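Okay, so here's the structure we're looking at.
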Amino acid sequence: MQSGTGAGIGARAPRKEDARHLKGRAQFVGDIKLAGGWEAAFVRSPLAHARITSITKPEGAEGRVFTAADMADLKPIRCESTLPSYKVSDYPALAQGKVRYVGECIAICIAPTRAEAEDLAEAVLVDLDPLPPIPNVQTALAEGAALLHEDWGDNLFLTTRHDGDLAEPRAKASVVIEREYETARQAMNPMEGKGVLAHWDHKADQLVVYTSTQVPHLIRTGLSECLALDQSEVRVIAPDVGGGFGYKCVLQPEELSVAWVARKVDRPIRWTEDRREHLTAGANTRQHSYKITAYADDEGRLLGLDADIWVDIGAYSVWPFTACLEAAQAGGNLPGPYDLGAYSCRTYSVATNKPGFTPYRGVARPGVCFAMELTMDAIARAVGRDPLEVRCLNLVQGGAMPYTNITGKYYDSGDYPAAAREAARLIDVPAVRARQKAASAEGRYLGLGFASFTEQSAHGTKVFASWGLPLVPGYEQASVKLTPSGTLEVRSGNHSFGQGLETTIAQVACEWLTTSLDQVKVTMGDTGLTPYSTGAYASRGMVMAGGAVSKAAEELARRVRVHGAHLLQCAPEEVEIREGAVTNGLASASFAEIASAWYLHPDRLPDDVNTAGLEVTEGYKPDIDTGVFTYATHAALVEVDPATGRTEILDYVIFEDCGRRVNPLILDGQSYGGAAQGIGTALFEEALYDASAQPLTSTLADYILPGPAELPHFRLGHAETLSPHTRHGIKGVGEGAAIAPAGAIVNAINDALSPLGVELTQIPATPHRVLSAILDARTAQEASA
Ligand code: MCN
Ligand code: SMO
């Protein structure tokens, strides 16, 4: 590789996309204006579980209100899976026969403005015959429960089993820890809600769909399947996207309805999700329950683990990740970064009257990390040892790498205990303990907590195939070209939606072509202009799109050297690329001169010139399918006010290793943003439902997001162990920081409140929950006194 402008891998460069965002010049779905465009509003179910007995359209609204009966030619979203025991739930764009959650779409109404469309929606009369609601896992699994999908016979999407032999741990354990843990349902709350705008382009003879998505090529595949269009008849464009977080990596029913209606009425139709729609119909992630038995010896060495995990999936499988993903990930990731002798686990993916489960930053791992890390601390307390020492004893040791864990995950590289010790060093454990002691003397409650995890990133074909998905991601392609004026163009079918890929894939191209970042034009997210990509999720963007750009840029650099050497009248071996030019040390040919020769003056190049030209498309996959594992330890120092139950985070440290860091500035942002979301999971966010499965948290006054005042000043540390399996040794890390906060913070709360005999096992640790735990502990102590 070459050296040059300092814009390559490792540069702490400001993001290319920031200028337009800061100036308000970005273009989101809501900003796009198409002549004759109308807006859509949905009639949504007010009941969680009911049969639809009739729908009456308002008079005079012909051609402006559509129901499932109008859309007989539209196929439902159907997620097949090859996993045994899995049951398929057809997810219609508009409810058919019955509704299965509050907020499910029943009709789509269109009008010149959103306000008129909403008025129309209010005038649609829907008669519903209520069915017994299934608000939670307990009701769903109870004897004689009502059925969400009648033909299933029960309310289980899927059960999985990992049967290990726990006889030895049971016989040898001197400590047995039994715990139940609960995590709340959440909504993801990207700043920009979902949005979609569709129209039929008669010149291209194509449905053109602008949609706020992480996965434009996947949406094209999904839309064309459901609309029975050839893929060439659908073009999907993801413009600027204001955060995805997993919410925007699946095909949504509104996308289907809008596309169908736009084609039907032959005019541009747009739907923009509002916050209330998001908080109700989009409240669909994170909710797990755990029952765990851990067997340890008297040093705190974990000998075996037995677990049951329930996931509250909601009503439908989302495409293409299915209801299988969350529980499969939970069961596979519970052992986390630990070296564990025996493991048994059963998972239950349960259908309830709530919106269907969508992956959210961390996918299952925030839950399993919470459960595992609280269990680690419980073991430490039981054997009377320091929780950090018990962690380091149990973590896969650096010398054991690469390491295949008990669930078959292949940890490619790194030193997990070193990261835990570095986190401890950064938070300064002796100073923290002294501060805690001093505070305690004043009647204040300070606590320290740790959480460690691994983040499987950029996993490929075999892993996704093993989850039985209807569609298996594997590789990635990208195009790189020198324009006639000698600037660089990068095209990727992946997308940049806040995580900075637009800048970092440009940096990867600069690594080979040593041009400056503002000389690179990046085109992403348009199926009409980019090679196929399944998109950015599962922390795969940097490894996959970065790898493809790197391969293409390497080949382009080779061709540029050949042409440049010819212009300099020397051999290609005698030249190198430096600062956007080819040089032999004596003279140089600029990219502009080389491009000009190729495009406009072939007379300057040899007769037998390689006609492949200055445009290269290359494909890439890492040399293993099992993904590359980033890892981290988080450490939190908190103060809990026993009078109000409020927790304040006094200090927060993240020590992380994601292999080669492409842009350290962007990565700091990934840590801050991820950890902020993790703190929401730990302390604030909870989509609540009542006994009839009515959502109770439908505004941001009820659903509490952490703001700047609730967030600590994060302190970060890094190791950089290159992965042996990816280009440049890069590992993915986009989800990581969201995984550990709940474990670290609740461990810190439990440490703070241990003098009161409190052990919290449920998140979010709201003031109400903390206070109740304190009162319960006091009552229990008084009863036993
Ligand atoms: N990066 C880097 N060096 C590395 C790894 C990553 O510089 N070694 C940078 C890259 O800019 C990359 C980003 O960090 O784009 C995240 O890296 P990666 O792990 O490859 O994740 P993806 O690009 O696939 O992005 C998706 C990921 C996921 S799955 C969720 S969920 C999430 C996340 O990223 N959603 C986000 N981070 C987000 N950040 C923002 N602002 N908005 C979202 O919606
Ligand atoms: S939840 Mo991220 O889009 O994998």
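All residue names refer to the structure tokens as shown: chains lettered A, B, ... in order, residues numbered from 1 in each chain, ligands numbered from 1 in order.
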With a distance cut-off of 10 Å and only C-alpha atoms, select the neighbouring residues of A:Gly10, excluding the residue or stretch itself and same-chain residues fewer than 3 positions from it, and output the selection as a ChimeraX atom specification. /A:6-7,13,504,507-508,511,660-665
Neighbouring residues of A:Thr183 were defined as those with any atom within 8 Å, considering only C-alpha atoms; residues of the same chain fewer than 5 positions away were excluded. Please report them as a count of residues only. 8
Expected answer as a PyMOL selection string: helix (DSSP H, G or I) residues in stretch 99-224 of chain A: chain A and resi 114-122+137-141+150-152+167-172+216-224
Tell me which protein, DNA and RNA residues are within 6 Å of A:Arg267, counting only C-alpha atoms, leaving out same-chain ones fewer than 2 positions away, and put them as a PyMOL selection string. chain A and resi 199+262+265
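Interatomic distance, atom CA of A:Thr113 against atom CA of A:Lys33: 12.6 Å.
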Set the distance at 8 Å and use only C-alpha atoms: which residues neighbour stretch 532-545 of chain A once local chain neighbours fewer than 3 positions away are removed? I'd like the list as number ranges by chain. A: 214-218, 246, 249, 362, 456-459, 473, 475-478, 492-496, 501, 504-505, 527, 548-549, 620-622, 726-727, 730-735
For N, CA and C atoms, I'd like the residues from the last selection saved as an mmCIF file, in the first residue's frame.
```cif
data_model
loop_
_atom_site.group_PDB
_atom_site.id
_atom_site.type_symbol
_atom_site.label_atom_id
_atom_site.label_comp_id
_atom_site.auth_asym_id
_atom_site.auth_seq_id
_atom_site.Cartn_x
_atom_site.Cartn_y
_atom_site.Cartn_z
ATOM 1 N N GLN A 214 -31.702 0.835 5.591
ATOM 2 C CA GLN A 214 -30.296 0.443 5.656
ATOM 3 C C GLN A 214 -29.945 -0.510 4.520
ATOM 4 N N VAL A 215 -30.986 -1.026 3.833
ATOM 5 C CA VAL A 215 -30.784 -2.181 2.951
ATOM 6 C C VAL A 215 -31.542 -2.013 1.625
ATOM 7 N N PRO A 216 -31.159 -1.027 0.804
ATOM 8 C CA PRO A 216 -31.944 -0.754 -0.405
ATOM 9 C C PRO A 216 -32.085 -1.956 -1.345
ATOM 10 N N HIS A 217 -31.023 -2.711 -1.559
ATOM 11 C CA HIS A 217 -31.141 -3.847 -2.492
ATOM 12 C C HIS A 217 -32.077 -4.923 -1.936
ATOM 13 N N LEU A 218 -32.038 -5.127 -0.617
ATOM 14 C CA LEU A 218 -32.956 -6.104 -0.018
ATOM 15 C C LEU A 218 -34.399 -5.652 -0.177
ATOM 16 N N GLY A 246 -31.330 -0.906 12.996
ATOM 17 C CA GLY A 246 -31.984 -2.201 12.838
ATOM 18 C C GLY A 246 -33.445 -2.037 12.448
ATOM 19 N N CYS A 249 -33.767 -2.219 8.722
ATOM 20 C CA CYS A 249 -33.112 -3.275 7.936
ATOM 21 C C CYS A 249 -34.117 -4.356 7.548
ATOM 22 N N GLY A 362 -27.229 -4.480 18.488
ATOM 23 C CA GLY A 362 -26.773 -5.457 19.478
ATOM 24 C C GLY A 362 -27.475 -6.798 19.332
ATOM 25 N N GLN A 456 -20.023 -10.435 17.616
ATOM 26 C CA GLN A 456 -19.779 -11.126 16.345
ATOM 27 C C GLN A 456 -20.141 -10.153 15.232
ATOM 28 N N SER A 457 -19.212 -9.869 14.356
ATOM 29 C CA SER A 457 -19.484 -8.889 13.314
ATOM 30 C C SER A 457 -19.177 -9.473 11.954
ATOM 31 N N ALA A 458 -19.882 -8.959 10.948
ATOM 32 C CA ALA A 458 -19.588 -9.324 9.566
ATOM 33 C C ALA A 458 -19.635 -10.838 9.345
ATOM 34 N N HIS A 459 -20.540 -11.515 10.067
ATOM 35 C CA HIS A 459 -20.661 -12.956 9.830
ATOM 36 C C HIS A 459 -21.286 -13.162 8.455
ATOM 37 N N PRO A 473 -27.105 -13.573 3.322
ATOM 38 C CA PRO A 473 -26.045 -12.644 2.934
ATOM 39 C C PRO A 473 -24.704 -13.365 2.903
ATOM 40 N N TYR A 475 -21.508 -12.118 0.413
ATOM 41 C CA TYR A 475 -20.386 -11.313 -0.041
ATOM 42 C C TYR A 475 -20.874 -9.923 -0.408
ATOM 43 N N GLU A 476 -19.974 -9.139 -0.928
ATOM 44 C CA GLU A 476 -20.272 -7.735 -1.182
ATOM 45 C C GLU A 476 -19.443 -7.310 -2.385
ATOM 46 N N GLN A 477 -20.010 -6.418 -3.184
ATOM 47 C CA GLN A 477 -19.247 -5.879 -4.309
ATOM 48 C C GLN A 477 -19.184 -4.359 -4.211
ATOM 49 N N ALA A 478 -18.207 -3.793 -4.867
ATOM 50 C CA ALA A 478 -18.118 -2.332 -4.959
ATOM 51 C C ALA A 478 -17.419 -1.972 -6.252
ATOM 52 N N SER A 492 -21.151 1.872 -3.936
ATOM 53 C CA SER A 492 -21.428 0.713 -3.091
ATOM 54 C C SER A 492 -22.937 0.585 -2.917
ATOM 55 N N GLY A 493 -23.423 -0.632 -2.959
ATOM 56 C CA GLY A 493 -24.854 -0.876 -2.759
ATOM 57 C C GLY A 493 -25.221 -0.902 -1.286
ATOM 58 N N ASN A 494 -24.215 -0.736 -0.446
ATOM 59 C CA ASN A 494 -24.453 -0.635 0.978
ATOM 60 C C ASN A 494 -24.941 0.773 1.289
ATOM 61 N N HIS A 495 -25.184 1.073 2.553
ATOM 62 C CA HIS A 495 -25.658 2.420 2.812
ATOM 63 C C HIS A 495 -25.056 3.014 4.076
ATOM 64 N N SER A 496 -25.082 4.346 4.087
ATOM 65 C CA SER A 496 -24.530 5.117 5.192
ATOM 66 C C SER A 496 -25.707 5.854 5.809
ATOM 67 N N LEU A 501 -20.234 5.290 7.033
ATOM 68 C CA LEU A 501 -19.643 4.457 5.982
ATOM 69 C C LEU A 501 -19.283 5.262 4.732
ATOM 70 N N THR A 504 -15.847 6.385 5.525
ATOM 71 C CA THR A 504 -14.818 5.365 5.759
ATOM 72 C C THR A 504 -14.543 4.514 4.517
ATOM 73 N N ILE A 505 -15.552 4.291 3.644
ATOM 74 C CA ILE A 505 -15.191 3.548 2.419
ATOM 75 C C ILE A 505 -14.361 4.457 1.501
ATOM 76 N N THR A 527 -30.246 1.309 -5.978
ATOM 77 C CA THR A 527 -30.096 0.024 -6.678
ATOM 78 C C THR A 527 -29.865 0.228 -8.167
ATOM 79 N N ALA A 548 -14.611 -4.795 -0.129
ATOM 80 C CA ALA A 548 -14.866 -4.760 -1.574
ATOM 81 C C ALA A 548 -14.231 -3.515 -2.197
ATOM 82 N N VAL A 549 -14.375 -2.369 -1.524
ATOM 83 C CA VAL A 549 -13.762 -1.137 -2.046
ATOM 84 C C VAL A 549 -12.244 -1.298 -2.072
ATOM 85 N N TYR A 620 -16.036 -9.237 -2.596
ATOM 86 C CA TYR A 620 -15.209 -9.579 -1.426
ATOM 87 C C TYR A 620 -16.016 -10.367 -0.402
ATOM 88 N N LYS A 621 -15.366 -11.336 0.204
ATOM 89 C CA LYS A 621 -15.844 -11.891 1.470
ATOM 90 C C LYS A 621 -14.628 -12.212 2.319
ATOM 91 N N PRO A 622 -14.751 -12.093 3.646
ATOM 92 C CA PRO A 622 -13.614 -12.442 4.500
ATOM 93 C C PRO A 622 -13.269 -13.913 4.289
ATOM 94 N N THR A 726 -9.665 -10.634 7.711
ATOM 95 C CA THR A 726 -10.303 -9.605 6.885
ATOM 96 C C THR A 726 -9.238 -8.718 6.255
ATOM 97 N N ARG A 727 -9.631 -8.037 5.186
ATOM 98 C CA ARG A 727 -8.737 -7.040 4.589
ATOM 99 C C ARG A 727 -8.380 -5.994 5.628
ATOM 100 N N ILE A 730 -9.631 -5.375 9.714
ATOM 101 C CA ILE A 730 -10.771 -4.634 10.272
ATOM 102 C C ILE A 730 -11.782 -5.592 10.910
ATOM 103 N N LYS A 731 -12.354 -5.191 12.032
ATOM 104 C CA LYS A 731 -13.527 -5.887 12.592
ATOM 105 C C LYS A 731 -14.673 -4.878 12.691
ATOM 106 N N GLY A 732 -15.895 -5.374 12.692
ATOM 107 C CA GLY A 732 -17.060 -4.493 12.823
ATOM 108 C C GLY A 732 -17.293 -4.122 14.273
ATOM 109 N N VAL A 733 -17.995 -3.002 14.501
ATOM 110 C CA VAL A 733 -18.151 -2.542 15.882
ATOM 111 C C VAL A 733 -19.390 -1.662 16.079
ATOM 112 N N GLY A 734 -20.208 -1.527 15.025
ATOM 113 C CA GLY A 734 -21.302 -0.560 15.091
ATOM 114 C C GLY A 734 -22.320 -0.823 16.194
ATOM 115 N N GLU A 735 -22.470 -2.080 16.591
ATOM 116 C CA GLU A 735 -23.485 -2.376 17.616
ATOM 117 C C GLU A 735 -22.905 -2.373 19.020
#
```
Polymer residues at most 6 Å from stretch 741-757 of chain A, only C-alpha atoms, same-chain spacing of 2 or more positions, as a PyMOL selection string: chain A and resi 370+373+445-451+635-636+678-679+682+759+777
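By only C-alpha atoms, and with residues fewer than 4 positions from A:Gln96 along its chain excluded, the set lying at most 12 Å from it is A:Ser45, A:Ala50, A:Arg51, A:Ile52, A:Thr53, A:Ser54, A:Ile55, A:Thr67, A:Ala68, A:Ala69, A:Asp70, A:Met71, A:Ala72, A:Leu74, A:Lys75, A:Pro76, A:Asp90, A:Tyr91, A:Pro92, A:Arg100, A:Glu104, A:Cys105, A:Ile106, A:Ala107.
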So that I can check the surroundings of stretch 377-380 of chain A, please list as a short mmCIF file (atom, residue, chain, number, x, y, z; two decimals) with N, CA, C and O atoms, in the first residue's frame every protein, DNA and RNA residue that reaches within 7 Å of it, counting only C-alpha atoms and ignoring chain neighbours fewer than 4 positions away.
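Output file around21.cif is given in full below:
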```
data_model
loop_
_atom_site.label_atom_id
_atom_site.label_comp_id
_atom_site.auth_asym_id
_atom_site.auth_seq_id
_atom_site.Cartn_x
_atom_site.Cartn_y
_atom_site.Cartn_z
N ILE A 177 -25.94 -20.62 41.48
CA ILE A 177 -26.64 -19.33 41.43
C ILE A 177 -27.88 -19.52 40.56
O ILE A 177 -27.79 -19.94 39.42
N GLY A 300 -14.93 -19.23 42.08
CA GLY A 300 -15.74 -18.44 41.15
C GLY A 300 -15.57 -18.88 39.71
O GLY A 300 -16.02 -18.20 38.78
N GLU A 373 -23.70 -10.98 32.82
CA GLU A 373 -22.84 -10.14 33.65
C GLU A 373 -23.40 -9.99 35.07
O GLU A 373 -22.64 -9.91 36.04
N GLY A 384 -17.20 -14.49 47.52
CA GLY A 384 -16.48 -13.43 48.25
C GLY A 384 -15.24 -12.94 47.53
O GLY A 384 -14.23 -12.64 48.15
N ARG A 385 -15.31 -12.88 46.20
CA ARG A 385 -14.15 -12.37 45.45
C ARG A 385 -14.52 -11.12 44.67
O ARG A 385 -15.69 -10.84 44.42
N ASP A 386 -13.50 -10.41 44.24
CA ASP A 386 -13.69 -9.21 43.44
C ASP A 386 -14.29 -9.58 42.08
O ASP A 386 -13.81 -10.50 41.41
N PRO A 387 -15.35 -8.90 41.65
CA PRO A 387 -16.01 -9.26 40.39
C PRO A 387 -15.08 -9.19 39.18
O PRO A 387 -15.19 -9.99 38.26
N VAL A 390 -13.04 -12.40 39.17
CA VAL A 390 -13.86 -13.55 38.73
C VAL A 390 -14.06 -13.49 37.22
O VAL A 390 -13.99 -14.51 36.53
N ASN A 747 -24.98 -3.77 37.54
CA ASN A 747 -23.98 -4.29 38.48
C ASN A 747 -23.51 -3.18 39.42
O ASN A 747 -23.30 -3.42 40.62
#
```
In stretch 3-153 of chain A, what's strand (DSSP E or B) per DSSP? Answer as an NGL selection string? :A and (38-44 or 50-56 or 65-67 or 77 or 91 or 98-99 or 105-111 or 125-130)
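Atom pair atom CA of A:Ala780 / atom CA of A:Tyr290: separated by 23.8 Å.
With distances restricted to only C-alpha atoms, A:Ile624 is the closest residue to A:Lys462 from A:Ile577, A:Ile32, A:Val363, A:Ile624.
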Would you please work out which residue, of A:Val209, A:Ala738, A:Val396, A:Leu305, is nearest to ligand 2 when using only C-alpha atoms and all ligand atoms? A:Ala738
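If only C-alpha atoms are the atoms counted, then among A:Pro169, A:Gly332, A:Pro132, A:Pro112 the closest residue to A:Val463 is A:Gly332.
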Given the choices A:Gly331, A:Pro46, A:Gly399, A:Gly707, which gets closest to A:Glu122 if the distance is worked out from only C-alpha atoms? A:Pro46
Once you count only C-alpha atoms, what closest atom pair and distance in Å to one decimal does each residue of stretch 611-704 of chain A within 9 Å of stretch 405-420 of chain A have, with rows by chain and rising residue number, as CSV?
```
residue,atom,partner,partner_atom,distance
A:Thr626,CA,A:Tyr410,CA,6.5
A:Gly627,CA,A:Tyr410,CA,7.9
A:Val628,CA,A:Asp412,CA,6.0
A:Phe629,CA,A:Tyr411,CA,5.8
A:Thr630,CA,A:Gly414,CA,8.1
A:Tyr631,CA,A:Tyr416,CA,6.9
A:Ala632,CA,A:Ala419,CA,6.3
A:Thr633,CA,A:Ala420,CA,5.2
A:His634,CA,A:Ala420,CA,7.9
A:Ala635,CA,A:Ala420,CA,8.7
A:Phe655,CA,A:Ala419,CA,6.0
A:Glu656,CA,A:Ala419,CA,6.9
A:Asp657,CA,A:Gly414,CA,7.6
A:Gly659,CA,A:Gly414,CA,8.6
```
